[in-house]
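Listing of target.txt; format and content: compact mmCIF, C-alpha atoms and all ligand atoms.
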```txt
# COMPACT_ATOMS: atom_id res chain seq x y z
CA MET A 200 -6.54 -30.15 11.75
CA HIS A 201 -9.39 -30.92 9.35
CA ASP A 202 -11.13 -34.26 9.65
CA VAL A 203 -11.44 -34.64 5.88
CA ILE A 204 -9.88 -32.98 2.86
CA VAL A 205 -11.80 -33.58 -0.36
CA ILE A 206 -9.66 -33.04 -3.46
CA GLY A 207 -11.97 -32.02 -6.30
CA GLY A 208 -15.13 -29.94 -5.98
CA GLY A 209 -17.06 -31.56 -8.85
CA PRO A 210 -20.52 -32.99 -8.13
CA ILE A 211 -19.26 -36.13 -6.42
CA GLY A 212 -16.66 -34.38 -4.26
CA SER A 213 -19.13 -31.68 -3.21
CA TYR A 214 -21.89 -34.16 -2.44
CA THR A 215 -19.51 -36.20 -0.24
CA ALA A 216 -18.22 -33.04 1.45
CA GLY A 217 -21.80 -32.03 2.24
CA ARG A 218 -22.73 -35.43 3.66
CA LEU A 219 -19.67 -35.46 5.94
CA ALA A 220 -20.09 -31.84 7.02
CA GLU A 221 -23.76 -32.53 7.90
CA LYS A 222 -22.50 -35.23 10.26
CA GLY A 223 -20.38 -32.67 12.05
CA HIS A 224 -16.97 -33.37 10.52
CA LYS A 225 -14.59 -30.53 9.70
CA VAL A 226 -14.28 -30.67 5.91
CA LEU A 227 -12.15 -28.75 3.41
CA VAL A 228 -12.61 -28.99 -0.36
CA LEU A 229 -9.63 -28.15 -2.57
CA GLU A 230 -10.71 -27.27 -6.11
CA LYS A 231 -8.29 -26.29 -8.84
CA LYS A 232 -10.86 -24.25 -10.77
CA GLN A 233 -11.89 -20.73 -9.80
CA ARG A 234 -15.50 -21.71 -9.08
CA SER A 235 -17.86 -24.70 -9.05
CA GLY A 236 -19.19 -25.79 -12.43
CA GLU A 237 -16.55 -23.94 -14.44
CA SER A 238 -15.94 -25.39 -17.96
CA VAL A 239 -17.73 -28.69 -17.44
CA CYS A 240 -18.03 -31.08 -20.39
CA CYS A 241 -21.15 -33.15 -19.73
CA THR A 242 -24.53 -33.77 -21.34
CA GLY A 243 -26.15 -33.86 -17.93
CA ILE A 244 -28.65 -36.68 -18.49
CA VAL A 245 -29.63 -38.59 -15.38
CA GLY A 246 -32.40 -41.11 -14.88
CA LEU A 247 -35.51 -40.25 -12.92
CA GLU A 248 -34.34 -42.74 -10.29
CA CYS A 249 -31.32 -40.50 -9.66
CA VAL A 250 -33.47 -37.35 -9.52
CA ASN A 251 -35.79 -38.92 -6.94
CA ARG A 252 -33.09 -40.66 -4.91
CA PHE A 253 -31.01 -37.47 -4.56
CA ASN A 254 -33.88 -34.96 -4.47
CA ILE A 255 -32.56 -33.01 -7.43
CA ASP A 256 -34.48 -29.76 -7.47
CA ASP A 257 -36.75 -28.94 -10.44
CA SER A 258 -34.91 -25.64 -10.92
CA LEU A 259 -31.80 -27.64 -11.96
CA ILE A 260 -33.68 -29.61 -14.64
CA LEU A 261 -33.75 -28.19 -18.16
CA ARG A 262 -36.00 -30.85 -19.65
CA LYS A 263 -37.61 -34.21 -18.88
CA VAL A 264 -37.51 -36.94 -21.51
CA ASN A 265 -39.74 -39.96 -22.02
CA GLY A 266 -37.61 -41.83 -24.54
CA ALA A 267 -35.11 -41.60 -27.33
CA SER A 268 -34.71 -42.04 -31.07
CA LEU A 269 -31.96 -44.52 -31.81
CA PHE A 270 -30.38 -44.42 -35.27
CA PRO A 271 -28.33 -47.30 -36.71
CA PRO A 272 -26.02 -46.54 -39.66
CA SER A 273 -28.91 -47.27 -42.11
CA GLY A 274 -30.88 -44.40 -40.55
CA ASN A 275 -33.80 -46.76 -39.88
CA GLU A 276 -34.94 -45.08 -36.65
CA LEU A 277 -35.99 -47.03 -33.57
CA PHE A 278 -38.07 -44.85 -31.28
CA ILE A 279 -38.36 -46.12 -27.73
CA ARG A 280 -40.66 -44.29 -25.42
CA ARG A 281 -42.59 -44.81 -22.24
CA PRO A 282 -45.59 -42.68 -21.28
CA GLU A 283 -43.88 -41.25 -18.22
CA PRO A 284 -40.51 -39.39 -18.07
CA GLN A 285 -37.49 -41.66 -17.83
CA ALA A 286 -34.67 -39.16 -17.56
CA CYS A 287 -33.90 -35.50 -16.98
CA ILE A 288 -31.40 -33.16 -18.58
CA LEU A 289 -29.64 -31.16 -15.93
CA ASP A 290 -28.19 -27.70 -15.99
CA ARG A 291 -24.79 -29.16 -15.09
CA VAL A 292 -23.25 -25.85 -14.06
CA ALA A 293 -26.16 -25.03 -11.74
CA PHE A 294 -26.16 -28.62 -10.45
CA ASP A 295 -22.46 -28.46 -9.49
CA MET A 296 -22.98 -25.03 -7.91
CA SER A 297 -25.98 -26.21 -5.90
CA LEU A 298 -24.09 -29.20 -4.48
CA ALA A 299 -21.19 -26.96 -3.50
CA GLU A 300 -23.60 -24.47 -1.93
CA LYS A 301 -25.28 -27.25 0.04
CA ALA A 302 -21.90 -28.49 1.28
CA ARG A 303 -20.95 -24.95 2.32
CA SER A 304 -24.25 -24.46 4.16
CA ALA A 305 -23.52 -27.68 6.05
CA GLY A 306 -20.18 -26.19 7.12
CA ALA A 307 -17.67 -27.42 4.51
CA GLU A 308 -14.97 -24.90 3.57
CA TYR A 309 -13.91 -24.42 -0.07
CA SER A 310 -10.53 -23.33 -1.34
CA PHE A 311 -10.73 -22.55 -5.07
CA ASP A 312 -7.74 -22.06 -7.35
CA SER A 313 -6.12 -24.80 -5.28
CA ARG A 314 -4.56 -27.63 -7.24
CA ALA A 315 -3.42 -30.59 -5.16
CA THR A 316 -0.06 -31.80 -6.40
CA ASP A 317 0.96 -34.43 -3.87
CA VAL A 318 -0.25 -36.50 -0.98
CA ALA A 319 1.77 -38.03 1.85
CA VAL A 320 0.17 -40.48 4.23
CA ALA A 321 1.65 -40.75 7.75
CA LYS A 322 0.66 -42.84 10.77
CA ASP A 323 -1.69 -40.24 12.25
CA SER A 324 -2.56 -37.89 9.35
CA VAL A 325 -2.38 -37.13 5.65
CA THR A 326 -0.60 -34.11 4.21
CA VAL A 327 -1.75 -32.60 0.94
CA THR A 328 0.58 -30.33 -1.01
CA PHE A 329 -1.28 -27.86 -3.17
CA SER A 330 -0.64 -24.70 -5.11
CA ASN A 331 -2.88 -21.74 -4.43
CA LEU A 332 -2.47 -18.64 -6.59
CA GLY A 333 0.98 -19.84 -7.54
CA LYS A 334 2.08 -20.43 -3.92
CA GLN A 335 2.88 -23.96 -2.73
CA GLN A 336 1.26 -24.90 0.58
CA GLU A 337 0.74 -27.94 2.77
CA ILE A 338 -2.26 -28.90 4.83
CA LYS A 339 -3.00 -31.83 7.11
CA ALA A 340 -6.16 -33.82 7.75
CA LYS A 341 -7.14 -37.09 9.35
CA THR A 342 -8.34 -38.50 6.06
CA LEU A 343 -8.59 -37.78 2.36
CA VAL A 344 -11.29 -38.15 -0.29
CA ILE A 345 -9.99 -38.07 -3.84
CA ALA A 346 -12.68 -36.84 -6.22
CA THR A 347 -10.53 -35.44 -9.00
CA GLY A 348 -12.49 -36.90 -11.91
CA PHE A 349 -10.50 -38.51 -14.70
CA SER A 350 -6.99 -37.47 -13.69
CA PRO A 351 -4.47 -40.26 -14.37
CA PRO A 352 -1.25 -38.38 -13.43
CA PHE A 353 -2.58 -37.41 -9.99
CA LEU A 354 -4.01 -40.86 -9.36
CA ARG A 355 -0.73 -42.49 -10.36
CA ARG A 356 0.97 -40.50 -7.59
CA ILE A 357 -1.42 -41.99 -5.03
CA GLY A 358 -0.26 -45.45 -6.05
CA LEU A 359 -3.60 -47.23 -6.34
CA GLY A 360 -3.06 -48.30 -9.95
CA ALA A 361 -4.08 -46.73 -13.24
CA PHE A 362 -7.10 -46.77 -15.54
CA ASP A 363 -6.47 -49.28 -18.25
CA ASP A 364 -9.36 -48.25 -20.49
CA TYR A 365 -11.10 -44.98 -21.20
CA CYS A 366 -12.76 -42.99 -23.97
CA VAL A 367 -12.90 -39.30 -24.80
CA GLY A 368 -15.81 -37.06 -25.64
CA ALA A 369 -16.39 -33.75 -27.38
CA GLN A 370 -19.53 -31.64 -27.21
CA VAL A 371 -21.03 -28.31 -28.26
CA GLU A 372 -24.18 -26.54 -27.15
CA ILE A 373 -25.77 -24.99 -30.18
CA GLU A 374 -29.00 -23.73 -31.70
CA THR A 375 -30.63 -26.68 -33.45
CA LYS A 376 -33.70 -27.13 -35.65
CA ASP A 377 -36.25 -29.88 -34.98
CA ALA A 378 -34.61 -31.31 -31.88
CA GLU A 379 -37.51 -32.48 -29.77
CA ASN A 380 -36.28 -35.89 -28.59
CA VAL A 381 -32.99 -37.27 -27.45
CA GLU A 382 -31.31 -38.72 -30.54
CA VAL A 383 -28.55 -41.32 -30.36
CA TYR A 384 -26.53 -42.32 -33.43
CA PHE A 385 -24.57 -45.57 -33.75
CA GLY A 386 -22.04 -46.07 -36.52
CA GLU A 387 -20.74 -43.29 -38.75
CA PRO A 388 -20.65 -40.13 -36.67
CA ALA A 389 -18.72 -42.01 -33.95
CA PRO A 390 -17.54 -45.46 -35.08
CA GLY A 391 -17.35 -47.93 -32.18
CA PHE A 392 -19.12 -45.56 -29.80
CA PHE A 393 -22.08 -43.23 -30.30
CA ALA A 394 -23.10 -39.64 -30.94
CA TRP A 395 -26.03 -37.63 -29.57
CA VAL A 396 -28.32 -34.67 -30.01
CA VAL A 397 -29.85 -33.78 -26.66
CA PRO A 398 -32.29 -30.86 -26.64
CA THR A 399 -31.97 -28.63 -23.61
CA GLN A 400 -33.97 -25.40 -23.67
CA SER A 401 -35.49 -24.79 -27.10
CA PRO A 402 -33.87 -24.06 -29.55
CA MET A 403 -30.61 -25.22 -27.93
CA ALA A 404 -29.21 -28.76 -27.94
CA ARG A 405 -26.08 -30.49 -26.75
CA ILE A 406 -24.47 -32.26 -29.67
CA GLY A 407 -21.53 -34.52 -29.00
CA LEU A 408 -19.90 -37.89 -29.32
CA LEU A 409 -17.61 -40.34 -27.58
CA MET A 410 -14.62 -41.99 -29.25
CA ARG A 411 -11.39 -43.78 -28.43
CA LYS A 412 -9.42 -40.76 -29.65
CA THR A 413 -9.66 -37.44 -31.53
CA PRO A 414 -13.38 -36.88 -30.81
CA GLY A 415 -13.02 -33.24 -31.91
CA ILE A 416 -12.22 -34.28 -35.49
CA TYR A 417 -15.25 -36.56 -35.68
CA LEU A 418 -17.53 -33.97 -34.11
CA LYS A 419 -16.37 -31.26 -36.49
CA LYS A 420 -17.16 -33.55 -39.42
CA TRP A 421 -20.58 -34.41 -38.03
CA LEU A 422 -21.46 -30.78 -37.31
CA LYS A 423 -20.65 -29.95 -40.95
CA GLU A 424 -23.02 -32.70 -42.04
CA LEU A 425 -25.77 -31.43 -39.72
CA GLU A 426 -25.18 -27.95 -41.09
CA SER A 427 -25.48 -29.16 -44.68
CA ARG A 428 -28.80 -30.81 -43.75
CA GLY A 429 -30.02 -27.53 -42.28
CA ARG A 430 -30.30 -28.86 -38.74
CA ILE A 431 -27.85 -26.35 -37.37
CA ALA A 432 -26.88 -22.93 -38.60
CA PRO A 433 -23.29 -22.05 -39.57
CA HIS A 434 -21.64 -21.61 -36.22
CA GLN A 435 -18.61 -20.52 -34.26
CA VAL A 436 -18.90 -22.40 -31.00
CA GLU A 437 -16.18 -23.80 -28.82
CA MET A 438 -16.09 -27.52 -28.24
CA SER A 439 -15.64 -28.86 -24.76
CA TYR A 440 -13.74 -32.08 -24.15
CA GLY A 441 -13.65 -34.68 -21.41
CA ALA A 442 -12.41 -38.21 -20.79
CA ILE A 443 -14.41 -41.03 -19.25
CA PRO A 444 -12.97 -44.11 -17.55
CA LEU A 445 -14.52 -47.34 -18.81
CA LYS A 446 -13.19 -49.54 -16.00
CA PRO A 447 -12.76 -48.87 -12.29
CA LEU A 448 -9.44 -48.03 -10.72
CA PRO A 449 -7.80 -51.27 -9.52
CA GLN A 450 -8.12 -50.13 -5.88
CA THR A 451 -10.29 -47.32 -4.52
CA TYR A 452 -9.09 -47.09 -0.92
CA GLY A 453 -5.83 -46.97 0.99
CA GLU A 454 -4.48 -45.93 4.39
CA ARG A 455 -6.52 -42.84 5.35
CA LEU A 456 -7.92 -42.32 1.87
CA ILE A 457 -10.67 -43.25 -0.52
CA VAL A 458 -11.27 -42.46 -4.19
CA ILE A 459 -14.76 -41.66 -5.53
CA GLY A 460 -16.67 -40.74 -8.69
CA ASP A 461 -14.92 -40.65 -12.06
CA ALA A 462 -11.59 -40.80 -10.23
CA ALA A 463 -12.62 -44.29 -9.09
CA GLY A 464 -14.13 -45.22 -12.46
CA GLN A 465 -17.70 -45.44 -11.14
CA VAL A 466 -19.17 -44.84 -14.58
CA LYS A 467 -21.59 -46.79 -16.79
CA PRO A 468 -19.33 -48.27 -19.49
CA THR A 469 -22.30 -48.46 -21.86
CA SER A 470 -23.23 -44.77 -21.89
CA GLY A 471 -20.40 -43.00 -20.05
CA GLY A 472 -22.87 -41.65 -17.48
CA GLY A 473 -21.14 -41.18 -14.15
CA ILE A 474 -23.30 -38.84 -12.08
CA TYR A 475 -25.68 -41.39 -10.58
CA TYR A 476 -23.14 -44.15 -9.90
CA GLY A 477 -20.78 -41.56 -8.44
CA LEU A 478 -23.46 -40.20 -6.09
CA LEU A 479 -24.49 -43.70 -5.00
CA SER A 480 -20.86 -44.54 -4.24
CA ALA A 481 -20.42 -41.19 -2.47
CA ASP A 482 -23.16 -42.19 -0.02
CA ILE A 483 -21.28 -45.40 0.75
CA ALA A 484 -18.04 -43.43 1.07
CA ALA A 485 -19.58 -40.88 3.45
CA ASP A 486 -21.11 -43.59 5.66
CA THR A 487 -17.85 -45.57 5.75
CA LEU A 488 -15.79 -42.48 6.60
CA HIS A 489 -18.23 -41.25 9.21
CA SER A 490 -18.11 -44.50 11.14
CA ALA A 491 -14.33 -44.83 10.63
CA LEU A 492 -13.77 -41.27 11.93
CA THR A 493 -16.09 -41.91 14.86
CA ASP A 494 -14.18 -45.09 15.78
CA GLY A 495 -10.79 -43.48 15.09
CA ASP A 496 -9.83 -46.26 12.69
CA LEU A 497 -8.86 -44.96 9.26
CA SER A 498 -6.76 -47.95 8.27
CA ALA A 499 -6.92 -49.34 4.76
CA LYS A 500 -8.43 -52.50 6.24
CA ARG A 501 -11.33 -50.50 7.68
CA LEU A 502 -11.82 -48.34 4.56
CA ALA A 503 -11.94 -51.46 2.38
CA ARG A 504 -15.59 -51.62 3.47
CA TYR A 505 -16.25 -48.76 1.08
CA GLU A 506 -14.96 -50.69 -1.92
CA ARG A 507 -16.84 -53.82 -0.91
CA GLY A 508 -19.99 -51.69 -0.58
CA TRP A 509 -19.85 -49.93 -3.92
CA LYS A 510 -18.80 -53.07 -5.75
CA LYS A 511 -21.74 -54.93 -4.26
CA LYS A 512 -24.05 -52.26 -5.67
CA LEU A 513 -22.39 -51.54 -9.02
CA GLY A 514 -19.86 -54.32 -9.69
CA ARG A 515 -22.09 -56.47 -11.87
CA GLU A 516 -23.34 -53.48 -13.88
CA LEU A 517 -19.77 -52.41 -14.56
CA THR A 518 -18.65 -55.92 -15.55
CA VAL A 519 -21.58 -56.69 -17.88
CA GLY A 520 -21.59 -53.13 -19.26
CA TYR A 521 -17.88 -53.24 -20.03
CA TRP A 522 -18.21 -56.59 -21.75
CA ALA A 523 -21.09 -55.24 -23.89
CA ARG A 524 -19.09 -52.11 -24.72
CA LYS A 525 -16.14 -54.16 -25.95
CA ILE A 526 -18.39 -56.40 -28.09
CA PHE A 527 -20.23 -53.37 -29.50
CA GLU A 528 -17.00 -51.66 -30.42
CA LYS A 529 -16.08 -54.53 -32.74
CA LEU A 530 -19.42 -54.62 -34.61
CA SER A 531 -19.48 -53.55 -38.25
CA GLU A 532 -22.13 -51.11 -39.49
CA LYS A 533 -23.81 -54.06 -41.22
CA GLN A 534 -24.01 -55.97 -37.93
CA ILE A 535 -25.46 -52.93 -36.10
CA ASP A 536 -28.09 -52.51 -38.85
CA ARG A 537 -28.95 -56.21 -38.60
CA ILE A 538 -29.40 -56.04 -34.82
CA PHE A 539 -31.74 -53.07 -35.19
CA GLU A 540 -33.73 -55.01 -37.85
CA ILE A 541 -34.03 -58.03 -35.55
CA VAL A 542 -35.13 -55.85 -32.65
CA LYS A 543 -37.76 -54.11 -34.80
CA SER A 544 -39.07 -57.13 -36.71
CA GLY A 545 -39.21 -59.33 -33.62
CA ASN A 546 -40.96 -56.60 -31.62
CA ILE A 547 -38.13 -56.95 -29.12
CA ASP A 548 -38.26 -53.21 -28.50
CA GLU A 549 -41.88 -53.48 -27.36
CA ALA A 550 -41.14 -56.53 -25.21
CA MET A 551 -38.25 -54.71 -23.59
CA LEU A 552 -40.28 -51.58 -23.00
CA LYS A 553 -42.80 -53.68 -21.11
CA ALA A 554 -40.07 -55.45 -19.13
CA PRO A 555 -39.64 -53.85 -15.71
CA GLU A 556 -35.87 -54.21 -15.87
CA LEU A 557 -35.49 -51.82 -18.81
CA SER A 558 -33.99 -48.91 -16.96
CA PHE A 559 -32.03 -45.79 -17.77
CA ASP A 560 -29.58 -46.59 -14.99
CA TRP A 561 -29.29 -50.36 -14.79
CA HIS A 562 -28.34 -51.99 -18.06
CA SER A 563 -27.05 -55.47 -17.27
CA LYS A 564 -30.40 -57.28 -17.34
CA THR A 565 -31.43 -55.67 -20.62
CA ILE A 566 -28.05 -56.50 -22.15
CA ILE A 567 -28.33 -60.12 -21.05
CA ARG A 568 -31.91 -60.40 -22.32
CA LEU A 569 -30.88 -58.98 -25.66
CA VAL A 570 -27.83 -61.14 -26.22
CA ARG A 571 -29.70 -64.26 -25.16
CA HIS A 572 -31.91 -63.73 -28.18
CA GLN A 573 -30.54 -66.30 -30.64
CA MET A 574 -30.56 -64.09 -33.73
CA VAL A 575 -28.95 -61.18 -31.92
CA ALA A 576 -26.30 -63.49 -30.43
CA ARG A 577 -25.61 -65.00 -33.85
CA THR A 578 -25.25 -61.54 -35.43
CA MET A 579 -22.88 -60.49 -32.66
CA LYS A 580 -21.04 -63.82 -32.90
CA ILE A 581 -21.52 -64.50 -29.20
CA ILE A 582 -21.08 -68.15 -28.33
CA LYS A 583 -20.94 -68.04 -24.55
CA LEU A 584 -21.51 -65.32 -21.98
CA PRO A 585 -18.50 -64.80 -19.69
CA PHE A 586 -20.68 -64.26 -16.58
CA LYS A 587 -23.65 -65.83 -14.84
CA THR A 588 -26.99 -64.59 -16.15
CA GLY A 589 -28.48 -64.22 -12.68
CA GLY A 590 -31.88 -65.64 -13.65
CA VAL A 591 -32.29 -63.47 -16.74
CA ASP A 592 -32.30 -66.51 -18.96
CA ARG A 593 -35.43 -66.31 -21.05
CA GLN A 594 -35.34 -65.10 -24.60
CA VAL A 595 -36.83 -61.72 -25.26
CA SER A 596 -39.24 -62.78 -27.98
C1 LIG B 1 -18.81 -35.59 -23.17
C2 LIG B 1 -19.31 -36.10 -21.84
C3 LIG B 1 -20.68 -36.25 -21.63
C4 LIG B 1 -21.14 -36.75 -20.42
N1 LIG B 1 -22.49 -36.87 -20.23
C5 LIG B 1 -22.96 -37.38 -19.09
C6 LIG B 1 -24.36 -37.54 -18.88
O1 LIG B 1 -25.18 -37.20 -19.74
N2 LIG B 1 -24.78 -38.07 -17.70
C7 LIG B 1 -23.90 -38.48 -16.73
O2 LIG B 1 -24.34 -39.02 -15.71
N3 LIG B 1 -22.57 -38.32 -16.89
C8 LIG B 1 -22.09 -37.78 -18.04
N4 LIG B 1 -20.75 -37.60 -18.19
C9 LIG B 1 -19.86 -37.99 -17.09
C10 LIG B 1 -19.92 -36.97 -15.97
O3 LIG B 1 -19.57 -35.71 -16.46
C11 LIG B 1 -19.00 -37.41 -14.82
O4 LIG B 1 -19.33 -38.72 -14.46
C12 LIG B 1 -19.10 -36.50 -13.61
O5 LIG B 1 -18.71 -35.20 -13.90
C13 LIG B 1 -18.19 -37.06 -12.50
O6 LIG B 1 -18.14 -36.17 -11.43
P1 LIG B 1 -16.84 -36.12 -10.49
O7 LIG B 1 -17.15 -35.15 -9.42
O8 LIG B 1 -16.40 -37.50 -10.15
O9 LIG B 1 -15.68 -35.56 -11.45
P2 LIG B 1 -15.58 -34.15 -12.18
O10 LIG B 1 -16.90 -33.63 -12.55
O11 LIG B 1 -14.56 -34.36 -13.25
O12 LIG B 1 -14.99 -33.19 -11.06
C14 LIG B 1 -13.66 -33.33 -10.63
C15 LIG B 1 -13.23 -31.99 -10.04
O13 LIG B 1 -11.93 -32.16 -9.49
C16 LIG B 1 -11.15 -31.01 -9.83
N5 LIG B 1 -9.75 -31.43 -9.79
C17 LIG B 1 -9.13 -32.33 -10.59
N6 LIG B 1 -7.85 -32.49 -10.23
C18 LIG B 1 -7.66 -31.68 -9.18
C19 LIG B 1 -6.51 -31.41 -8.34
N7 LIG B 1 -5.34 -32.00 -8.53
N8 LIG B 1 -6.67 -30.52 -7.33
C20 LIG B 1 -7.86 -29.88 -7.10
N9 LIG B 1 -8.97 -30.11 -7.87
C21 LIG B 1 -8.86 -30.99 -8.88
C22 LIG B 1 -11.63 -30.63 -11.21
O14 LIG B 1 -11.35 -29.29 -11.52
C23 LIG B 1 -13.13 -30.90 -11.11
O15 LIG B 1 -13.84 -29.76 -10.67
C24 LIG B 1 -20.23 -37.10 -19.39
C25 LIG B 1 -18.85 -36.92 -19.59
C26 LIG B 1 -18.39 -36.43 -20.80
C27 LIG B 1 -16.91 -36.27 -21.01
```

Rewrite the structure from the file as structure tokens, please.
Amino acid sequence: MHDVIVIGGGPIGSYTAGRLAEKGHKVLVLEKKQRSGESVCCTGIVGLECVNRFNIDDSLILRKVNGASLFPPSGNELFIRRPEPQACILDRVAFDMSLAEKARSAGAEYSFDSRATDVAVAKDSVTVTFSNLGKQQEIKAKTLVIATGFSPPFLRRIGLGAFDDYCVGAQVEIETKDAENVEVYFGEPAPGFFAWVVPTQSPMARIGLLMRKTPGIYLKKWLKELESRGRIAPHQVEMSYGAIPLKPLPQTYGERLIVIGDAAGQVKPTSGGGIYYGLLSADIAADTLHSALTDGDLSAKRLARYERGWKKKLGRELTVGYWARKIFEKLSEKQIDRIFEIVKSGNIDEAMLKAPELSFDWHSKTIIRLVRHQMVARTMKIIKLPFKTGGVDRQVS
């Protein structure tokens, strides 16, 4: 019997599989695709903190970026930049493949073309039902890691609750003129959310957007506009689509199982970035499972340590980020323009750039600083913050 079955060989599942295999556990990864990294929809931006913390190899990085151009609906650009790189754009396919390769080298087995369809937890084991090349099979393990990404039907079967908020994205990778910096657009291309142009290897860029629904329609419209402005050539490229949870799953552990990554909703609600938070949580998951396997106690009570651990690290970010996302979604184009004007005229952008807490990965302190600025708060119609400010209580200007 395997010690651990990981369902889902995306980056978070593979990383966890590798960590557990390195510790000597017998690990099997079930992946429904035919290979790692197949048809991934992701822009692949991670902060430098993530690159350093997880030793992401230079060969997996397409570009390093020092800042970004932010465009409100008025088009009045705000360019924020630090002298040193802040983030990296990953080759997501190669990144997924490298994590799977690392897990395999540590001893994890992979079964591709294997879609898990059901899970049954018994007193001394878990049984996973999966279909492989059209044939239904069952396999047992001591414990289960669910790393299936955003997959509501499968998660509903596990009985740990459902996502009650999410957004959807669409993206293309296409030849683009004059794309040197990361560009983020608020307002028209993606009302309520945002759109991006992210240069990868010249002259290519990832162009996409997030929305509540029908992102493909909005992206098609925006691509036409970019084409009419001569930024992209007439094209025939396929869009890729993906959904992103904006709130965590109500519970991320159970008897003999834990849920990680996008499946657990460990994603920044502000930007939709899930790689770093997923990897950080995967470390906590691997440590919790290793000690639980060693002690022979895989009860829900014991595995609850995992949820306490990741919530301690990310809980506040997710709460503040989600609150900010909901407020942002209700802003009119006029309000967004006004906030950009206040930030520019009050030199708030410069003050924030100097502030050590401005970070690609940790947004709560910056959000709180920004909304505690009286004019910004007035524009956003914020009367009271629904959480403690944790000492970030000075105005920005
Ligand atoms: C448009 C878009 C842009 C994004 N850009 C960024 C970005 O710039 N930076 C960032 O950090 N994040 C970004 N993300 C989010 C990022 O892609 C995810 O956070 C990340 O992929 C999560 O990894 P994961 O391993 O948890 O899930 P996934 O990558 O979704 O992997 C899950 C795996 O499980 C497999 N699977 C699912 N169900 C089953 C089953 N029943 N049986 C077997 N296998 C199964 C799937 O095939 C898949 O391989 C973006 C997402 C979208 C949609």

Box centre and edge lengths (Å, one decimal), axis-aligned, ligand LIG 1 (chain B) plus 3 Å each side, as lines of an AutoDock Vina configuration file:
```
center_x = -15.3
center_y = -34.2
center_z = -15.1
size_x = 25.8
size_y = 15.7
size_z = 22.1
```

Point out the residue among A:Ser297, A:Ser258, A:Gln233, A:Gln370 with the least atom-to-atom distance to ligand LIG 1 (chain B), counting all atoms listed in the file.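 Closest candidate: A:Gln370.
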
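Atom pair atom CA of A:Lys533 / atom CA of A:Tyr365: separated by 25.4 Å.
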
Excluding A:Leu422 and any residue of its chain fewer than 2 positions from it, enumerate the residues within 10 Å of it, using only C-alpha atoms, and give them as a PyMOL selection string. chain A and resi 371+388+406-407+417-420+424-428+430-434

Please provide the set of residues having any atom within 7 Å of A:Ala442, restricted to all atoms listed in the file, with same-chain residues fewer than 4 positions apart removed, written as JSON, numbers by chain. {"A": [349, 365, 366, 367, 368]}

Pick out the residues sitting within 8 Å of A:Val205, and hand them over as a ChimeraX atom specification; count all atoms listed in the file, and ignore anything fewer than 5 positions along from it in its own chain. /A:212,216,226-229,343-346

I'd like the neighbourhood of A:Ser273 as a ChimeraX atom specification, where a residue qualifies if any of its atoms comes within 9 Å (using only C-alpha atoms), though same-chain residues fewer than 6 positions away should be ignored. /A:386,532-533,535-536

Atom-to-atom span, atom CA of A:Gln465 and atom O15 of ligand LIG 1 (chain B), Å: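 Atom-to-atom, atom CA of A:Gln465 to atom O15 of ligand LIG 1 (chain B), that is 16.2 Å.
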
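Here atom CA of A:Cys249 is placed at a distance of 22.8 Å from atom CA of A:Ala394.
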